[in-house]
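Chemist: Next up is a structure, given as structure tokens.
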Amino acid sequence: FIVVTADRTDIVIEKIKEAGMKVGIAVKPKTPIEWAYPYAEKVDKILVMTVEPGIGGQKLIESCLPKCKAVRERFPNVDIQVDGGISVNNIERIAEAGANVIVSGTGVFKHPNPADAISALRKGVQKFN
């Protein structure tokens with residue numbers, strides 16, 4: 001869930017865990033990453049949105065990548081997921097910034113060979129994680 005949308009984030013996290021599920025929080029491009037810090041050790045994953053949510057095919061907002069680096073340095077054990085504008089052309093920059101989980105829709109399905117794209121994306125993430 002998007003961290004700034006929950007009134008009682010701690011309670012939401014607790015209820016999700018009580019239900020036996022993993023918890024992830026999302027930070028939109030214009031939201032300071034520091035909003036996630038109070039919850040980083042309570043969640044399984046922090047999703048750094050690298051596009052504005054809701055529209056596929058957007059270009060990666062490069063200025064979001066330092067958020068990944070900041071989380072990785074401060075919370076080395078949390079999964080950092082990136083969603084938005086990910087392709088074979090930028091995966092290494094994304095992984096080097098600290099992301100170890102990615103979402104790539106357009107970068108896979110608009111690629112001439114989706115299987116090759118998936119392979120290249122995996123290799124890019126594995127190179128830095």
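If you're wondering about the labels, chains in the structure tokens are A, B, ... by order shown, residues count from 1 in each chain, ligands from 1 in order shown.
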Quick check for you: according to DSSP on this backbone, which residues of range 34-125 of chain A are classed as helix (DSSP H, G or I)? Reply as a PyMOL selection string.
Modeler: chain A and resi 34-39+62-74+91-96+106-109+114-125
Chemist: Let's have the selection written as an mmCIF file, in the first residue's frame, with C-alpha atoms.
Modeler:
data_model
loop_
_atom_site.group_PDB
_atom_site.id
_atom_site.type_symbol
_atom_site.label_atom_id
_atom_site.label_comp_id
_atom_site.auth_asym_id
_atom_site.auth_seq_id
_atom_site.Cartn_x
_atom_site.Cartn_y
_atom_site.Cartn_z
ATOM 1 C CA GLU A 34 12.015 9.264 4.621
ATOM 2 C CA TRP A 35 8.272 8.607 4.943
ATOM 3 C CA ALA A 36 9.088 4.886 4.676
ATOM 4 C CA TYR A 37 11.843 4.859 7.298
ATOM 5 C CA PRO A 38 9.639 4.414 10.402
ATOM 6 C CA TYR A 39 8.189 1.246 8.851
ATOM 7 C CA GLU A 62 15.780 8.791 -12.851
ATOM 8 C CA SER A 63 15.630 11.159 -9.877
ATOM 9 C CA CYS A 64 13.860 8.374 -7.929
ATOM 10 C CA LEU A 65 16.896 6.067 -8.005
ATOM 11 C CA PRO A 66 18.700 7.795 -5.105
ATOM 12 C CA LYS A 67 15.735 6.704 -2.957
ATOM 13 C CA CYS A 68 16.747 3.087 -3.590
ATOM 14 C CA LYS A 69 20.319 3.811 -2.617
ATOM 15 C CA ALA A 70 19.240 5.590 0.574
ATOM 16 C CA VAL A 71 17.040 2.672 1.646
ATOM 17 C CA ARG A 72 19.708 0.070 0.789
ATOM 18 C CA GLU A 73 22.345 1.910 2.837
ATOM 19 C CA ARG A 74 20.091 2.381 5.835
ATOM 20 C CA ILE A 91 18.222 -2.234 -15.431
ATOM 21 C CA GLU A 92 21.861 -2.058 -14.350
ATOM 22 C CA ARG A 93 21.479 1.532 -13.080
ATOM 23 C CA ILE A 94 18.374 0.468 -11.182
ATOM 24 C CA ALA A 95 20.009 -2.607 -9.643
ATOM 25 C CA GLU A 96 23.191 -0.714 -8.834
ATOM 26 C CA THR A 106 6.197 -2.399 -21.116
ATOM 27 C CA GLY A 107 9.917 -3.193 -20.938
ATOM 28 C CA VAL A 108 9.072 -6.870 -21.418
ATOM 29 C CA PHE A 109 5.912 -6.928 -23.501
ATOM 30 C CA PRO A 114 10.074 -10.817 -24.325
ATOM 31 C CA ALA A 115 12.014 -13.920 -23.218
ATOM 32 C CA ASP A 116 15.303 -12.172 -24.007
ATOM 33 C CA ALA A 117 14.128 -9.098 -22.103
ATOM 34 C CA ILE A 118 13.288 -11.176 -19.036
ATOM 35 C CA SER A 119 16.679 -12.871 -19.172
ATOM 36 C CA ALA A 120 18.517 -9.552 -19.491
ATOM 37 C CA LEU A 121 16.514 -8.024 -16.633
ATOM 38 C CA ARG A 122 17.312 -10.999 -14.386
ATOM 39 C CA LYS A 123 21.004 -10.790 -15.214
ATOM 40 C CA GLY A 124 21.014 -7.059 -14.552
ATOM 41 C CA VAL A 125 19.502 -7.508 -11.090
#
Chemist: What is the CA of Lys45 in chain A-CA of Asp79 in chain A distance in Å, reported with one decimal?
Modeler: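 If I compute the distance from CA of Lys45 in chain A to CA of Asp79 in chain A, I get 4.6 Å.
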Chemist: Pull the strand (DSSP E) assignments for chain A out of DSSP run on the backbone, and list those residues as a PyMOL selection string.
Modeler: chain A and resi 24-27+45-49+79-83+101-103
Chemist: Under the rule of at most 10 Å, produce a per-residue listing of range 36-105 of chain A near range 21-26 of chain A: chain, number, name, the closest pair of atoms, and the distance in Å, as CSV, using only C-alpha atoms.
Modeler:
residue,atom,partner,partner_atom,distance
A:Ala36,CA,A:Ile25,CA,7.5
A:Tyr39,CA,A:Ile25,CA,8.4
A:Ala40,CA,A:Ile25,CA,8.6
A:Lys42,CA,A:Val23,CA,8.2
A:Val43,CA,A:Val23,CA,5.1
A:Asp44,CA,A:Val23,CA,5.4
A:Lys45,CA,A:Gly24,CA,4.5
A:Ile46,CA,A:Ile25,CA,5.1
A:Leu47,CA,A:Ala26,CA,4.4
A:Val48,CA,A:Ala26,CA,5.9
A:Met49,CA,A:Ala26,CA,6.8
A:Val78,CA,A:Gly24,CA,9.9
A:Asp79,CA,A:Gly24,CA,9.0
A:Ile80,CA,A:Gly24,CA,9.4
A:Gln81,CA,A:Ala26,CA,8.9
A:Val82,CA,A:Ala26,CA,9.4
A:Asp83,CA,A:Ala26,CA,9.7
Chemist: Using only C-alpha atoms, which of the listed residues (A:Pro53, A:Gly85, A:Pro112, A:Pro76) sits closest to Glu41 in chain A?
Modeler: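 Smallest distance to Glu41 in chain A is found for A:Pro76.
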Chemist: CA of Gly98 in chain A and CA of Lys59 in chain A are how many Å apart?
Modeler: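 Straight-line distance from CA of Gly98 in chain A to CA of Lys59 in chain A works out to 19.2 Å.
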Chemist: What does the distance between CA of Asp10 in chain A and CA of Ala97 in chain A come to in Å, to one decimal place?
Modeler: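 Computed distance, CA of Asp10 in chain A to CA of Ala97 in chain A, equals 27.3 Å.
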Chemist: Which one of A:Asn89, A:Asn77, A:Gln58, A:Asn129 sits closest to Gly105 in chain A if you count only C-alpha atoms?
Modeler: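 Among the listed residues, the smallest separation from Gly105 in chain A belongs to A:Gln58.
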Chemist: Ranking A:Ile2, A:Ile11, A:Ala19, A:Ile102 by minimum distance to Thr31 in chain A and counting only C-alpha atoms, which one comes first?
Modeler: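 Nearest to Thr31 in chain A: A:Ile2.
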